[in-house]
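J.: Have a peek at query15.pdb (PDB, C-alpha atoms and all ligand atoms).
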MODEL        1
ATOM      1  CA  MET Y 139     112.815  50.524-127.894  1.00  0.00           C
ATOM      2  CA  ARG Y 140     112.376  54.302-128.074  1.00  0.00           C
ATOM      3  CA  ILE Y 141     108.880  55.633-127.382  1.00  0.00           C
ATOM      4  CA  VAL Y 142     107.827  59.252-127.847  1.00  0.00           C
ATOM      5  CA  VAL Y 143     104.833  60.452-125.851  1.00  0.00           C
ATOM      6  CA  GLY Y 144     102.741  63.607-126.006  1.00  0.00           C
ATOM      7  CA  ALA Y 145      99.462  64.976-124.679  1.00  0.00           C
ATOM      8  CA  ASP Y 146      97.298  68.049-124.403  1.00  0.00           C
ATOM      9  CA  HIS Y 147      95.732  69.157-121.105  1.00  0.00           C
ATOM     10  CA  GLY Y 148      92.997  66.507-121.447  1.00  0.00           C
ATOM     11  CA  GLY Y 149      95.603  63.769-121.624  1.00  0.00           C
ATOM     12  CA  TYR Y 150      98.304  65.219-119.400  1.00  0.00           C
ATOM     13  CA  ARG Y 151      97.650  63.126-116.297  1.00  0.00           C
ATOM     14  CA  LEU Y 152      97.433  59.846-118.172  1.00  0.00           C
ATOM     15  CA  LYS Y 153     100.499  60.716-120.254  1.00  0.00           C
ATOM     16  CA  GLU Y 154     102.485  61.221-117.051  1.00  0.00           C
ATOM     17  CA  GLU Y 155     101.412  57.766-115.833  1.00  0.00           C
ATOM     18  CA  ILE Y 156     102.303  56.225-119.178  1.00  0.00           C
ATOM     19  CA  ALA Y 157     105.738  57.869-119.275  1.00  0.00           C
ATOM     20  CA  ARG Y 158     106.498  56.582-115.760  1.00  0.00           C
ATOM     21  CA  PHE Y 159     105.254  53.104-116.662  1.00  0.00           C
ATOM     22  CA  LEU Y 160     107.381  52.995-119.811  1.00  0.00           C
ATOM     23  CA  ALA Y 161     110.521  54.090-117.986  1.00  0.00           C
ATOM     24  CA  ASP Y 162     109.906  51.478-115.294  1.00  0.00           C
ATOM     25  CA  GLU Y 163     109.541  48.841-118.023  1.00  0.00           C
ATOM     26  CA  GLY Y 164     112.921  49.808-119.479  1.00  0.00           C
ATOM     27  CA  TYR Y 165     111.785  51.738-122.561  1.00  0.00           C
ATOM     28  CA  GLU Y 166     113.654  54.855-123.641  1.00  0.00           C
ATOM     29  CA  VAL Y 167     111.089  57.663-123.378  1.00  0.00           C
ATOM     30  CA  GLU Y 168     110.966  61.081-125.030  1.00  0.00           C
ATOM     31  CA  ASP Y 169     108.219  63.346-123.666  1.00  0.00           C
ATOM     32  CA  VAL Y 170     107.245  66.318-125.869  1.00  0.00           C
ATOM     33  CA  GLY Y 171     104.717  67.669-123.320  1.00  0.00           C
ATOM     34  CA  THR Y 172     102.419  69.166-122.327  1.00  0.00           C
ATOM     35  CA  PHE Y 173     103.729  69.419-118.801  1.00  0.00           C
ATOM     36  CA  ASP Y 174     100.710  70.784-116.896  1.00  0.00           C
ATOM     37  CA  GLU Y 175      96.917  71.012-117.116  1.00  0.00           C
ATOM     38  CA  GLU Y 176      96.728  74.471-118.643  1.00  0.00           C
ATOM     39  CA  SER Y 177      94.558  74.493-121.762  1.00  0.00           C
ATOM     40  CA  THR Y 178      96.542  73.836-124.915  1.00  0.00           C
ATOM     41  CA  ASP Y 179      96.066  72.620-128.515  1.00  0.00           C
ATOM     42  CA  TYR Y 180      96.429  68.913-129.288  1.00  0.00           C
ATOM     43  CA  PRO Y 181      97.748  69.349-132.877  1.00  0.00           C
ATOM     44  CA  ASP Y 182     100.912  70.965-131.456  1.00  0.00           C
ATOM     45  CA  TYR Y 183     101.822  67.691-129.717  1.00  0.00           C
ATOM     46  CA  ALA Y 184     100.460  65.370-132.374  1.00  0.00           C
ATOM     47  CA  VAL Y 185     102.805  66.823-134.983  1.00  0.00           C
ATOM     48  CA  GLN Y 186     105.851  66.552-132.724  1.00  0.00           C
ATOM     49  CA  VAL Y 187     105.203  62.905-131.947  1.00  0.00           C
ATOM     50  CA  ALA Y 188     104.337  62.156-135.574  1.00  0.00           C
ATOM     51  CA  ARG Y 189     107.589  63.671-136.843  1.00  0.00           C
ATOM     52  CA  ALA Y 190     109.672  61.924-134.187  1.00  0.00           C
ATOM     53  CA  VAL Y 191     108.289  58.622-135.475  1.00  0.00           C
ATOM     54  CA  THR Y 192     108.437  59.306-139.213  1.00  0.00           C
ATOM     55  CA  GLU Y 193     111.933  60.803-138.948  1.00  0.00           C
ATOM     56  CA  GLY Y 194     113.159  57.745-137.047  1.00  0.00           C
ATOM     57  CA  ARG Y 195     113.962  59.364-133.702  1.00  0.00           C
ATOM     58  CA  ALA Y 196     111.432  57.030-132.048  1.00  0.00           C
ATOM     59  CA  ASP Y 197     110.199  53.547-132.873  1.00  0.00           C
ATOM     60  CA  LEU Y 198     106.614  54.164-131.780  1.00  0.00           C
ATOM     61  CA  GLY Y 199     104.547  57.038-130.402  1.00  0.00           C
ATOM     62  CA  ILE Y 200     101.774  57.449-127.864  1.00  0.00           C
ATOM     63  CA  LEU Y 201      99.408  60.444-127.894  1.00  0.00           C
ATOM     64  CA  VAL Y 202      96.776  61.279-125.304  1.00  0.00           C
ATOM     65  CA  CYS Y 203      94.039  63.912-125.417  1.00  0.00           C
ATOM     66  CA  GLY Y 204      90.598  63.929-123.820  1.00  0.00           C
ATOM     67  CA  THR Y 205      89.147  61.345-126.181  1.00  0.00           C
ATOM     68  CA  GLY Y 206      92.132  60.379-128.334  1.00  0.00           C
ATOM     69  CA  ILE Y 207      90.156  61.450-131.399  1.00  0.00           C
ATOM     70  CA  GLY Y 208      91.774  64.818-132.020  1.00  0.00           C
ATOM     71  CA  MET Y 209      95.231  63.356-131.623  1.00  0.00           C
ATOM     72  CA  SER Y 210      94.509  60.578-134.107  1.00  0.00           C
ATOM     73  CA  VAL Y 211      93.011  62.958-136.673  1.00  0.00           C
ATOM     74  CA  ALA Y 212      95.961  65.344-136.397  1.00  0.00           C
ATOM     75  CA  ALA Y 213      98.751  62.739-136.336  1.00  0.00           C
ATOM     76  CA  ASN Y 214      97.333  60.968-139.386  1.00  0.00           C
ATOM     77  CA  LYS Y 215      97.883  64.144-141.448  1.00  0.00           C
ATOM     78  CA  VAL Y 216     101.635  63.456-141.358  1.00  0.00           C
ATOM     79  CA  ARG Y 217     102.787  61.210-144.190  1.00  0.00           C
ATOM     80  CA  GLY Y 218     103.896  57.820-142.933  1.00  0.00           C
ATOM     81  CA  VAL Y 219     101.862  57.941-139.750  1.00  0.00           C
ATOM     82  CA  ARG Y 220      99.322  55.266-138.967  1.00  0.00           C
ATOM     83  CA  ALA Y 221      97.831  56.512-135.707  1.00  0.00           C
ATOM     84  CA  ALA Y 222      95.242  54.259-134.085  1.00  0.00           C
ATOM     85  CA  LEU Y 223      92.750  55.162-131.390  1.00  0.00           C
ATOM     86  CA  ALA Y 224      92.265  52.224-129.041  1.00  0.00           C
ATOM     87  CA  THR Y 225      89.866  51.878-126.152  1.00  0.00           C
ATOM     88  CA  ASP Y 226      90.724  48.283-125.259  1.00  0.00           C
ATOM     89  CA  CYS Y 227      93.457  45.660-125.622  1.00  0.00           C
ATOM     90  CA  TYR Y 228      91.841  43.987-128.637  1.00  0.00           C
ATOM     91  CA  MET Y 229      91.947  47.237-130.615  1.00  0.00           C
ATOM     92  CA  ALA Y 230      95.513  47.861-129.494  1.00  0.00           C
ATOM     93  CA  ARG Y 231      96.663  44.402-130.618  1.00  0.00           C
ATOM     94  CA  MET Y 232      94.864  44.645-133.958  1.00  0.00           C
ATOM     95  CA  ALA Y 233      96.281  48.115-134.521  1.00  0.00           C
ATOM     96  CA  ARG Y 234      99.769  46.583-134.568  1.00  0.00           C
ATOM     97  CA  GLU Y 235      99.022  43.152-136.082  1.00  0.00           C
ATOM     98  CA  HIS Y 236      96.739  44.298-138.919  1.00  0.00           C
ATOM     99  CA  ASN Y 237      97.323  48.030-139.375  1.00  0.00           C
ATOM    100  CA  ASP Y 238     101.015  48.297-138.485  1.00  0.00           C
ATOM    101  CA  ALA Y 239     100.073  51.355-136.453  1.00  0.00           C
ATOM    102  CA  ASN Y 240     103.063  53.386-135.385  1.00  0.00           C
ATOM    103  CA  ILE Y 241     101.223  55.694-132.976  1.00  0.00           C
ATOM    104  CA  LEU Y 242      98.722  54.707-130.296  1.00  0.00           C
ATOM    105  CA  CYS Y 243      96.125  57.309-129.344  1.00  0.00           C
ATOM    106  CA  LEU Y 244      94.296  57.178-126.031  1.00  0.00           C
ATOM    107  CA  GLY Y 245      91.576  59.170-124.311  1.00  0.00           C
ATOM    108  CA  GLY Y 246      92.578  60.470-120.925  1.00  0.00           C
ATOM    109  CA  ARG Y 247      88.901  61.094-120.146  1.00  0.00           C
ATOM    110  CA  VAL Y 248      87.883  57.679-121.460  1.00  0.00           C
ATOM    111  CA  LEU Y 249      90.159  55.100-119.852  1.00  0.00           C
ATOM    112  CA  GLY Y 250      91.242  54.676-116.262  1.00  0.00           C
ATOM    113  CA  VAL Y 251      94.965  54.406-115.621  1.00  0.00           C
ATOM    114  CA  GLY Y 252      94.973  50.639-115.069  1.00  0.00           C
ATOM    115  CA  SER Y 253      93.132  49.884-118.301  1.00  0.00           C
ATOM    116  CA  ALA Y 254      95.197  52.379-120.263  1.00  0.00           C
ATOM    117  CA  LEU Y 255      98.489  50.856-119.137  1.00  0.00           C
ATOM    118  CA  GLU Y 256      97.294  47.402-120.213  1.00  0.00           C
ATOM    119  CA  VAL Y 257      96.351  48.854-123.602  1.00  0.00           C
ATOM    120  CA  VAL Y 258      99.812  50.414-123.870  1.00  0.00           C
ATOM    121  CA  ARG Y 259     101.515  47.161-122.916  1.00  0.00           C
ATOM    122  CA  THR Y 260      99.469  45.216-125.470  1.00  0.00           C
ATOM    123  CA  PHE Y 261     100.269  47.710-128.230  1.00  0.00           C
ATOM    124  CA  LEU Y 262     103.999  47.650-127.547  1.00  0.00           C
ATOM    125  CA  GLU Y 263     104.244  43.874-127.330  1.00  0.00           C
ATOM    126  CA  ALA Y 264     102.206  43.090-130.464  1.00  0.00           C
ATOM    127  CA  ARG Y 265     103.905  42.696-133.850  1.00  0.00           C
ATOM    128  CA  PHE Y 266     102.767  43.406-137.407  1.00  0.00           C
ATOM    129  CA  ALA Y 267     101.498  40.205-139.014  1.00  0.00           C
ATOM    130  CA  GLY Y 268     102.507  41.134-142.591  1.00  0.00           C
ATOM    131  CA  GLY Y 269     101.061  39.054-145.465  1.00  0.00           C
ATOM    132  CA  ARG Y 270      97.728  40.363-146.767  1.00  0.00           C
ATOM    133  CA  HIS Y 271      97.956  43.202-144.268  1.00  0.00           C
ATOM    134  CA  ALA Y 272     101.178  44.421-145.881  1.00  0.00           C
ATOM    135  CA  ARG Y 273      99.349  44.619-149.229  1.00  0.00           C
ATOM    136  CA  ARG Y 274      96.705  46.823-147.601  1.00  0.00           C
ATOM    137  CA  ILE Y 275      99.292  49.093-146.006  1.00  0.00           C
ATOM    138  CA  GLY Y 276     100.844  49.403-149.454  1.00  0.00           C
ATOM    139  CA  LYS Y 277      97.514  50.687-150.755  1.00  0.00           C
ATOM    140  CA  ILE Y 278      97.388  53.283-147.963  1.00  0.00           C
ATOM    141  CA  GLU Y 279     100.877  54.412-148.946  1.00  0.00           C
ATOM    142  CA  ALA Y 280      99.709  54.735-152.562  1.00  0.00           C
ATOM    143  CA  ILE Y 281      96.926  57.043-151.376  1.00  0.00           C
ATOM    144  CA  GLU Y 282      99.549  59.128-149.545  1.00  0.00           C
ATOM    145  CA  ARG Y 283     101.516  59.418-152.807  1.00  0.00           C
ATOM    146  CA  GLY Y 284      98.347  60.635-154.546  1.00  0.00           C
ATOM    147  CA  GLU Y 285      98.021  57.515-156.717  1.00  0.00           C
TER     148      GLU Y 285
HETATM  149  C1  LIG E   1      90.107  69.295-125.057  1.00  0.00           C
HETATM  150  O1  LIG E   1      89.043  69.793-124.308  1.00  0.00           O
HETATM  151  C2  LIG E   1      89.633  68.156-125.937  1.00  0.00           C
HETATM  152  O2  LIG E   1      88.847  68.647-126.967  1.00  0.00           O
HETATM  153  C3  LIG E   1      90.820  67.375-126.474  1.00  0.00           C
HETATM  154  O3  LIG E   1      91.579  66.911-125.423  1.00  0.00           O
HETATM  155  C4  LIG E   1      90.505  66.161-127.318  1.00  0.00           C
HETATM  156  O4  LIG E   1      89.613  65.317-126.677  1.00  0.00           O
HETATM  157  C5  LIG E   1      90.145  66.413-128.721  1.00  0.00           C
HETATM  158  O5  LIG E   1      89.915  65.478-129.511  1.00  0.00           O
ENDMDL
END
So, in terms of structure tokens, how does the structure I just supplied come out?
T.:
Amino acid sequence: MRIVVGADHGGYRLKEEIARFLADEGYEVEDVGTFDEESTDYPDYAVQVARAVTEGRADLGILVCGTGIGMSVAANKVRGVRAALATDCYMARMAREHNDANILCLGGRVLGVGSALEVVRTFLEARFAGGRHARRIGKIEAIERGE
């Protein structure tokens, strides 16, 4: 599975841990940056990860900023993205099972590394449940089409 990761300065350290974890687990990882703690703008990374997912270069994306909020707001502006902010494993599992989220957003100033890696693992191992949830995703896609 190909995972694209990105972060601003607030998420840089956690993103590095996540990228290392993913590689160790055997995932193919693309890292769009940022690559240090110098102040930067989260939409610049959100859009890169969002496009990598919607254009099919990655199966799923992970975005990290200070809270995860800015990344989720920005990534969800790209058509076809369902970016979910998760602060625990339950949210991460539901994001995949019910919302078919294709990007996980995390707060580097919210979660410790151990908790964050469990959230990442849960997100990647969960599967979309389909059924009534597919109908609801269809309604989101209709909104995107302006219907
Ligand atoms: C940067 O200070 C911070 O605003 C950013 O990382 C993020 O938390 C925004 O939502």
J.: Which distance in Å separates atom CA of Y:Gly206 and atom CA of Y:Gly246, to one decimal?
T.: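 One can read the atom CA of Y:Gly206 to atom CA of Y:Gly246 distance as 7.4 Å.
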J.: Applied to this file, what does the PyMOL selection byres (((chain Y and resi 266) around 10) and not hetatm) return in terms of residues, put as a PyMOL selection string?
T.: chain Y and resi 231-239+264-265+267-269+271-272
J.: Could you tell me, counting only C-alpha atoms and all ligand atoms, which protein and nucleic acid residues lie no more than 9 Å from ligand LIG 1 (chain E), written as an MDAnalysis selection string?
T.: chainID Y and resid 145:149 177:180 202:211 245:247
J.: Those selected residues, please, written with C-alpha atoms and delivered as a short mmCIF file (atom, residue, chain, number, x, y, z; two decimals), in the coordinates of the input.
T.:
data_model
loop_
_atom_site.label_atom_id
_atom_site.label_comp_id
_atom_site.auth_asym_id
_atom_site.auth_seq_id
_atom_site.Cartn_x
_atom_site.Cartn_y
_atom_site.Cartn_z
CA ALA Y 145 99.46 64.98 -124.68
CA ASP Y 146 97.30 68.05 -124.40
CA HIS Y 147 95.73 69.16 -121.10
CA GLY Y 148 93.00 66.51 -121.45
CA GLY Y 149 95.60 63.77 -121.62
CA SER Y 177 94.56 74.49 -121.76
CA THR Y 178 96.54 73.84 -124.92
CA ASP Y 179 96.07 72.62 -128.51
CA TYR Y 180 96.43 68.91 -129.29
CA VAL Y 202 96.78 61.28 -125.30
CA CYS Y 203 94.04 63.91 -125.42
CA GLY Y 204 90.60 63.93 -123.82
CA THR Y 205 89.15 61.34 -126.18
CA GLY Y 206 92.13 60.38 -128.33
CA ILE Y 207 90.16 61.45 -131.40
CA GLY Y 208 91.77 64.82 -132.02
CA MET Y 209 95.23 63.36 -131.62
CA SER Y 210 94.51 60.58 -134.11
CA VAL Y 211 93.01 62.96 -136.67
CA GLY Y 245 91.58 59.17 -124.31
CA GLY Y 246 92.58 60.47 -120.92
CA ARG Y 247 88.90 61.09 -120.15
#
J.: What's around Y:Leu242 at 7 Å? Count all atoms listed in the file, leave out sequence neighbours fewer than 5 positions away in its own chain, and write the answer as a ChimeraX atom specification.
T.: /Y:199-201,221-223
J.: What does the structure give for the distance between atom CA of Y:Ala196 and atom CA of Y:Leu262, in Å to one decimal?
T.: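 These two atoms are separated by 12.8 Å.
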J.: Stretch 163-171 of chain Y: which residues within 6 Å, counting only C-alpha atoms, same-chain residues fewer than 5 positions away excluded, as a PyMOL selection string?
T.: chain Y and resi 139-144
J.: As an exercise, work out the distance from atom CA of Y:Ile241 to atom CA of Y:Leu198 in Å and give it to one decimal place.
T.: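 So the two atoms, atom CA of Y:Ile241 and atom CA of Y:Leu198, lie 5.7 Å apart.
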J.: Save all heavy atoms of stretch 172-184 of chain Y from the block above as a PDB file, in the first residue's frame.
T.:
ATOM      1  N   THR Y 172       6.928  18.996   5.358  1.00  0.00           N
ATOM      2  CA  THR Y 172       8.123  19.774   5.441  1.00  0.00           C
ATOM      3  C   THR Y 172       9.251  18.952   6.079  1.00  0.00           C
ATOM      4  O   THR Y 172       8.982  17.917   6.684  1.00  0.00           O
ATOM      5  CB  THR Y 172       7.845  21.078   6.232  1.00  0.00           C
ATOM      6  OG1 THR Y 172       8.970  21.929   6.183  1.00  0.00           O
ATOM      7  CG2 THR Y 172       7.464  20.795   7.660  1.00  0.00           C
ATOM      8  N   PHE Y 173      10.460  19.434   5.920  1.00  0.00           N
ATOM      9  CA  PHE Y 173      11.600  18.638   6.351  1.00  0.00           C
ATOM     10  C   PHE Y 173      12.391  19.271   7.493  1.00  0.00           C
ATOM     11  O   PHE Y 173      13.507  18.872   7.787  1.00  0.00           O
ATOM     12  CB  PHE Y 173      12.503  18.338   5.153  1.00  0.00           C
ATOM     13  CG  PHE Y 173      11.768  17.526   4.097  1.00  0.00           C
ATOM     14  CD1 PHE Y 173      11.394  18.103   2.905  1.00  0.00           C
ATOM     15  CD2 PHE Y 173      11.434  16.195   4.320  1.00  0.00           C
ATOM     16  CE1 PHE Y 173      10.701  17.372   1.946  1.00  0.00           C
ATOM     17  CE2 PHE Y 173      10.744  15.444   3.375  1.00  0.00           C
ATOM     18  CZ  PHE Y 173      10.381  16.036   2.189  1.00  0.00           C
ATOM     19  N   ASP Y 174      11.824  20.316   8.120  1.00  0.00           N
ATOM     20  CA  ASP Y 174      12.448  20.881   9.327  1.00  0.00           C
ATOM     21  C   ASP Y 174      11.369  21.647  10.104  1.00  0.00           C
ATOM     22  O   ASP Y 174      10.203  21.632   9.703  1.00  0.00           O
ATOM     23  CB  ASP Y 174      13.649  21.769   8.988  1.00  0.00           C
ATOM     24  CG  ASP Y 174      13.279  22.906   8.049  1.00  0.00           C
ATOM     25  OD1 ASP Y 174      12.170  23.471   8.200  1.00  0.00           O
ATOM     26  OD2 ASP Y 174      14.081  23.218   7.158  1.00  0.00           O
ATOM     27  N   GLU Y 175      11.766  22.304  11.173  1.00  0.00           N
ATOM     28  CA  GLU Y 175      10.783  22.965  12.041  1.00  0.00           C
ATOM     29  C   GLU Y 175      10.632  24.457  11.758  1.00  0.00           C
ATOM     30  O   GLU Y 175      10.010  25.177  12.541  1.00  0.00           O
ATOM     31  CB  GLU Y 175      11.147  22.726  13.508  1.00  0.00           C
ATOM     32  CG  GLU Y 175      10.937  21.279  13.904  1.00  0.00           C
ATOM     33  CD  GLU Y 175      11.163  21.036  15.379  1.00  0.00           C
ATOM     34  OE1 GLU Y 175      12.341  20.918  15.763  1.00  0.00           O
ATOM     35  OE2 GLU Y 175      10.175  20.979  16.120  1.00  0.00           O
ATOM     36  N   GLU Y 176      11.150  24.902  10.641  1.00  0.00           N
ATOM     37  CA  GLU Y 176      10.971  26.306  10.270  1.00  0.00           C
ATOM     38  C   GLU Y 176       9.495  26.559   9.943  1.00  0.00           C
ATOM     39  O   GLU Y 176       8.847  25.724   9.295  1.00  0.00           O
ATOM     40  CB  GLU Y 176      11.848  26.614   9.048  1.00  0.00           C
ATOM     41  CG  GLU Y 176      11.967  28.086   8.760  1.00  0.00           C
ATOM     42  CD  GLU Y 176      12.974  28.368   7.648  1.00  0.00           C
ATOM     43  OE1 GLU Y 176      13.968  27.608   7.544  1.00  0.00           O
ATOM     44  OE2 GLU Y 176      12.741  29.311   6.887  1.00  0.00           O
ATOM     45  N   SER Y 177       8.997  27.713  10.353  1.00  0.00           N
ATOM     46  CA  SER Y 177       7.577  28.012  10.166  1.00  0.00           C
ATOM     47  C   SER Y 177       7.181  27.963   8.693  1.00  0.00           C
ATOM     48  O   SER Y 177       7.875  28.509   7.823  1.00  0.00           O
ATOM     49  CB  SER Y 177       7.267  29.405  10.733  1.00  0.00           C
ATOM     50  OG  SER Y 177       5.893  29.668  10.613  1.00  0.00           O
ATOM     51  N   THR Y 178       6.061  27.306   8.427  1.00  0.00           N
ATOM     52  CA  THR Y 178       5.602  27.127   7.064  1.00  0.00           C
ATOM     53  C   THR Y 178       4.079  27.102   7.065  1.00  0.00           C
ATOM     54  O   THR Y 178       3.452  27.240   8.117  1.00  0.00           O
ATOM     55  CB  THR Y 178       6.214  25.830   6.475  1.00  0.00           C
ATOM     56  OG1 THR Y 178       5.865  25.740   5.106  1.00  0.00           O
ATOM     57  CG2 THR Y 178       5.729  24.597   7.206  1.00  0.00           C
ATOM     58  N   ASP Y 179       3.458  26.930   5.892  1.00  0.00           N
ATOM     59  CA  ASP Y 179       2.000  27.054   5.766  1.00  0.00           C
ATOM     60  C   ASP Y 179       1.363  25.709   5.457  1.00  0.00           C
ATOM     61  O   ASP Y 179       1.600  25.132   4.381  1.00  0.00           O
ATOM     62  CB  ASP Y 179       1.658  28.053   4.659  1.00  0.00           C
ATOM     63  CG  ASP Y 179       2.216  29.439   4.938  1.00  0.00           C
ATOM     64  OD1 ASP Y 179       2.420  29.768   6.127  1.00  0.00           O
ATOM     65  OD2 ASP Y 179       2.450  30.181   3.967  1.00  0.00           O
ATOM     66  N   TYR Y 180       0.497  25.232   6.340  1.00  0.00           N
ATOM     67  CA  TYR Y 180      -0.061  23.883   6.180  1.00  0.00           C
ATOM     68  C   TYR Y 180      -0.815  23.652   4.869  1.00  0.00           C
ATOM     69  O   TYR Y 180      -0.777  22.533   4.354  1.00  0.00           O
ATOM     70  CB  TYR Y 180      -0.931  23.505   7.395  1.00  0.00           C
ATOM     71  CG  TYR Y 180      -2.083  24.435   7.684  1.00  0.00           C
ATOM     72  CD1 TYR Y 180      -3.282  24.310   7.007  1.00  0.00           C
ATOM     73  CD2 TYR Y 180      -1.968  25.440   8.635  1.00  0.00           C
ATOM     74  CE1 TYR Y 180      -4.337  25.167   7.266  1.00  0.00           C
ATOM     75  CE2 TYR Y 180      -3.014  26.301   8.896  1.00  0.00           C
ATOM     76  CZ  TYR Y 180      -4.201  26.170   8.207  1.00  0.00           C
ATOM     77  OH  TYR Y 180      -5.230  27.026   8.463  1.00  0.00           O
ATOM     78  N   PRO Y 181      -1.489  24.660   4.265  1.00  0.00           N
ATOM     79  CA  PRO Y 181      -2.193  24.339   3.009  1.00  0.00           C
ATOM     80  C   PRO Y 181      -1.252  23.860   1.899  1.00  0.00           C
ATOM     81  O   PRO Y 181      -1.666  23.092   1.015  1.00  0.00           O
ATOM     82  CB  PRO Y 181      -2.875  25.658   2.630  1.00  0.00           C
ATOM     83  CG  PRO Y 181      -3.018  26.391   3.926  1.00  0.00           C
ATOM     84  CD  PRO Y 181      -1.773  26.045   4.695  1.00  0.00           C
ATOM     85  N   ASP Y 182       0.011  24.289   1.936  1.00  0.00           N
ATOM     86  CA  ASP Y 182       0.962  23.885   0.893  1.00  0.00           C
ATOM     87  C   ASP Y 182       1.192  22.379   0.898  1.00  0.00           C
ATOM     88  O   ASP Y 182       1.436  21.779  -0.161  1.00  0.00           O
ATOM     89  CB  ASP Y 182       2.310  24.590   1.099  1.00  0.00           C
ATOM     90  CG  ASP Y 182       2.192  26.098   0.966  1.00  0.00           C
ATOM     91  OD1 ASP Y 182       1.181  26.579   0.416  1.00  0.00           O
ATOM     92  OD2 ASP Y 182       3.126  26.800   1.430  1.00  0.00           O
ATOM     93  N   TYR Y 183       1.101  21.762   2.064  1.00  0.00           N
ATOM     94  CA  TYR Y 183       1.326  20.308   2.174  1.00  0.00           C
ATOM     95  C   TYR Y 183       0.011  19.554   2.042  1.00  0.00           C
ATOM     96  O   TYR Y 183      -0.031  18.469   1.456  1.00  0.00           O
ATOM     97  CB  TYR Y 183       2.043  20.004   3.499  1.00  0.00           C
ATOM     98  CG  TYR Y 183       3.302  20.829   3.584  1.00  0.00           C
ATOM     99  CD1 TYR Y 183       3.308  22.069   4.226  1.00  0.00           C
ATOM    100  CD2 TYR Y 183       4.454  20.424   2.922  1.00  0.00           C
ATOM    101  CE1 TYR Y 183       4.436  22.876   4.224  1.00  0.00           C
ATOM    102  CE2 TYR Y 183       5.589  21.223   2.918  1.00  0.00           C
ATOM    103  CZ  TYR Y 183       5.565  22.447   3.570  1.00  0.00           C
ATOM    104  OH  TYR Y 183       6.676  23.244   3.546  1.00  0.00           O
ATOM    105  N   ALA Y 184      -1.043  20.170   2.549  1.00  0.00           N
ATOM    106  CA  ALA Y 184      -2.367  19.535   2.425  1.00  0.00           C
ATOM    107  C   ALA Y 184      -2.710  19.311   0.963  1.00  0.00           C
ATOM    108  O   ALA Y 184      -3.189  18.232   0.579  1.00  0.00           O
ATOM    109  CB  ALA Y 184      -3.424  20.409   3.095  1.00  0.00           C
TER     110      ALA Y 184
END
